[in-house]
$ cat run25.cif   # mmCIF, C-alpha atoms
data_structure
loop_
_atom_site.label_atom_id
_atom_site.label_comp_id
_atom_site.auth_asym_id
_atom_site.auth_seq_id
_atom_site.Cartn_x
_atom_site.Cartn_y
_atom_site.Cartn_z
CA MET A 213 -110.94 84.90 102.29
CA ALA A 214 -111.02 83.79 98.66
CA HIS A 215 -109.67 80.38 97.71
CA ALA A 216 -106.08 80.66 96.52
CA GLU A 217 -105.53 79.64 92.93
CA GLU A 218 -103.18 76.76 92.28
CA PRO A 219 -100.99 77.61 89.27
CA GLU A 220 -101.05 74.02 88.03
CA GLU A 221 -104.86 74.12 87.93
CA VAL A 222 -105.39 77.47 86.21
CA ALA A 223 -102.33 78.02 84.00
CA ALA A 224 -101.77 75.51 81.22
CA THR A 225 -99.23 77.63 79.35
CA PHE A 226 -96.33 79.94 80.06
CA HIS A 227 -98.36 82.90 78.82
CA GLU A 228 -101.31 82.11 81.12
CA ALA A 229 -99.02 81.73 84.14
CA PHE A 230 -97.11 84.92 83.33
CA GLU A 231 -100.24 87.02 82.78
CA ARG A 232 -101.77 85.78 86.05
CA ALA A 233 -98.53 86.37 87.97
CA VAL A 234 -98.28 89.95 86.69
CA ALA A 235 -101.94 90.66 87.52
CA LEU A 236 -101.47 89.32 91.05
CA PHE A 237 -98.22 91.28 91.50
CA ASP A 238 -99.91 94.51 90.39
CA ALA A 239 -102.79 93.79 92.80
CA GLU A 240 -100.14 93.52 95.56
CA ARG A 241 -101.05 89.87 96.10
CA PHE A 242 -97.37 89.02 96.23
CA PHE A 243 -97.56 85.58 97.84
CA GLU A 244 -99.91 84.37 95.11
CA ALA A 245 -97.85 86.10 92.40
CA HIS A 246 -94.76 84.29 93.65
CA GLU A 247 -96.59 80.96 93.31
CA PHE A 248 -97.22 81.64 89.61
CA PHE A 249 -93.70 82.95 88.95
CA GLU A 250 -92.28 79.91 90.76
CA HIS A 251 -94.47 77.68 88.59
CA ILE A 252 -92.78 79.22 85.54
CA TRP A 253 -89.31 78.97 87.10
CA LYS A 254 -89.71 75.25 87.85
CA SER A 255 -91.56 74.34 84.65
CA ALA A 256 -90.46 72.69 81.44
CA TRP A 257 -91.56 75.87 79.62
CA ILE A 258 -88.22 77.57 80.19
CA GLU A 259 -84.70 76.80 79.04
CA PRO A 260 -82.35 75.61 81.82
CA GLY A 261 -80.20 78.73 81.37
CA ASP A 262 -83.20 80.90 82.26
CA ALA A 263 -83.81 79.32 85.67
CA ASP A 264 -81.85 82.00 87.55
CA PHE A 265 -83.79 84.73 85.75
CA TRP A 266 -87.14 83.33 86.86
CA LYS A 267 -85.71 82.64 90.31
CA GLY A 268 -84.88 86.36 90.53
CA VAL A 269 -88.36 87.37 89.37
CA THR A 270 -89.90 85.00 91.91
CA GLN A 271 -87.70 86.35 94.68
CA VAL A 272 -88.84 89.92 93.98
CA ALA A 273 -92.43 88.81 94.62
CA VAL A 274 -91.40 86.94 97.79
CA GLY A 275 -89.39 89.96 98.95
CA CYS A 276 -92.45 92.18 98.49
CA CYS A 277 -94.45 89.65 100.50
CA HIS A 278 -91.89 89.92 103.31
CA VAL A 279 -92.20 93.72 103.22
CA GLN A 280 -95.99 93.42 103.54
CA ARG A 281 -95.56 91.12 106.53
CA GLY A 282 -93.03 93.39 108.26
CA ASN A 283 -90.06 91.03 107.92
CA ASP A 284 -87.20 93.53 107.48
CA ALA A 285 -84.31 91.07 107.27
CA GLY A 286 -86.08 88.64 104.94
CA ALA A 287 -87.30 91.42 102.67
CA GLN A 288 -83.93 93.08 102.31
CA ALA A 289 -82.04 89.83 101.73
CA LEU A 290 -84.45 88.48 99.12
CA LEU A 291 -84.87 91.75 97.25
CA ARG A 292 -81.12 92.32 97.00
CA ARG A 293 -80.47 88.71 96.00
CA ALA A 294 -83.22 88.96 93.37
CA ALA A 295 -81.67 92.12 91.93
CA GLY A 296 -78.37 90.27 91.63
CA TYR A 297 -79.95 87.41 89.71
CA LEU A 298 -81.75 89.81 87.37
CA ALA A 299 -78.62 91.88 86.72
CA ALA A 300 -77.00 88.87 85.04
CA PHE A 301 -79.57 88.97 82.21
CA PRO A 302 -80.38 91.45 79.43
CA ALA A 303 -82.28 94.59 80.45
CA ARG A 304 -85.39 93.36 78.63
CA TYR A 305 -85.88 89.64 78.80
CA HIS A 306 -88.87 87.32 78.25
CA GLY A 307 -91.40 90.13 78.45
CA VAL A 308 -89.89 91.61 81.61
CA ASP A 309 -88.10 94.93 81.94
CA ALA A 310 -85.49 93.19 84.08
CA ALA A 311 -83.43 96.34 84.63
CA ARG A 312 -86.44 98.21 86.05
CA LEU A 313 -87.48 95.21 88.15
CA ALA A 314 -83.96 94.91 89.61
CA ALA A 315 -83.90 98.66 90.33
CA ALA A 316 -87.34 98.48 91.95
CA ALA A 317 -86.17 95.58 94.13
CA GLU A 318 -83.07 97.52 95.24
CA ASP A 319 -85.18 100.62 95.93
CA LEU A 320 -87.73 98.70 98.01
CA ALA A 321 -84.93 96.99 99.96
CA ALA A 322 -83.38 100.40 100.71
CA ARG A 323 -86.72 101.87 101.81
CA ALA A 324 -87.41 98.82 104.01
CA HIS A 325 -83.98 99.31 105.57
CA GLN A 326 -84.57 103.02 106.15
CA HIS A 327 -88.21 102.94 107.30
CA GLY A 328 -88.79 99.31 108.27
CA ALA A 329 -90.68 96.71 106.27
CA SER A 330 -94.36 97.60 106.29
CA PRO A 331 -97.44 97.20 104.09
CA GLN A 332 -97.59 101.03 104.09
CA LEU A 333 -94.50 101.26 101.86
CA ALA A 334 -95.27 101.94 98.20
CA PHE A 335 -94.81 98.83 96.06
CA PRO A 336 -93.72 98.81 92.42
CA ARG A 337 -95.94 97.70 89.57
CA PHE A 338 -94.52 94.83 87.56
CA PRO A 339 -92.41 96.30 84.73
CA GLN A 340 -93.23 94.47 81.53
CA ALA A 341 -90.98 95.04 78.54
CA THR A 342 -92.64 96.60 75.55
CA ALA A 343 -91.74 95.67 72.02
#
$ encode --input "run25.cif" --output "structure tokens"
Amino acid sequence: MAHAEEPEEVAATFHEAFERAVALFDAERFFEAHEFFEHIWKSAWIEPGDADFWKGVTQVAVGCCHVQRGNDAGAQALLRRAAGYLAAFPARYHGVDAARLAAAAEDLAARAHQHGASPQLAFPRFPQATA
């Protein structure tokens, strides 16, 4: 197994951390993606009022990780909570299509509820906002 990257060691800027988190998310390496999103959430790079936004983004990645690991209850709770955090912010925020990410989290939670959490469920790609 490859050595896990430590966000503090490989991401010196918000942009570097965000780009790495998105790449990991899209590669379905959700645990590692959450580490990078959490690094952003808990960093001095963001304004205090944005903490809940990044918490929601982080929780989507963690929820996807729970789906991969077959944890139905954890997946559903985190994905729904994440969607709630994201819904409190503009639809497009800090390079994220927050509305699509919240909808994807709700959809994955519903599918995990219906079919059971499983790595065989289709996962969303990370929805970046375009200019």
$ residues_around --input "run25.cif" --residues "segment 273-282 of chain A" --least-positions-apart "5" --cutoff "6 Å" --atoms "all atoms listed in the file" --output "PyMOL selection string"
chain A and resi 242-243+246+287+290-291+329-331
$ resolve_selection --input "run25.cif" --expression "the PyMOL selection byres ((chain A and resi 299-313) around 6)" --output "PyMOL selection string"
chain A and resi 296-298+314-316+339-341
$ atom_distance --input "run25.cif" --atom1 "atom CA of Asp264 of chain A" --atom2 "atom CA of Glu217 of chain A"
24.4 Å
$ resolve_selection --input "run25.cif" --expression "the PyMOL selection byres ((chain A and resi 225) around 12)" --output "ChimeraX atom specification"
/A:219-224,226-232,248,251-252,255-258
$ atom_distance --input "run25.cif" --atom1 "atom CA of Gln332 of chain A" --atom2 "atom CA of Ala294 of chain A"
21.6 Å
$ resolve_selection --input "run25.cif" --expression "the PyMOL selection byres ((chain A and resi 338) around 7)" --output "PyMOL selection string"
chain A and resi 234+237-238+336-337+339-340
$ atom_distance --input "run25.cif" --atom1 "atom CA of Ala322 of chain A" --atom2 "atom CA of Val272 of chain A"
13.6 Å
$ closest_residue --input "run25.cif" --among "A:Asp319, A:Phe249, A:Lys254, A:Asp284" --to "Leu236 of chain A" --atoms "only C-alpha atoms"
A:Phe249
$ closest_residue --input "run25.cif" --among "A:Arg241, A:Arg293, A:Ala285, A:Glu218" --to "Phe265 of chain A" --atoms "all atoms listed in the file"
A:Arg293
$ axis_aligned_box --input "run25.cif" --around "segment 329-335 of chain A" --padding-each-side "6 Å" --output "lines of an AutoDock Vina configuration file"
center_x = -94.1
center_y = 99.3
center_z = 101.2
size_x = 18.9
size_y = 17.2
size_z = 22.2
$ closest_residue --input "run25.cif" --among "A:Gly261, A:Arg323, A:Gln271, A:Gln288" --to "Ala245 of chain A" --atoms "all atoms listed in the file"
A:Gln271
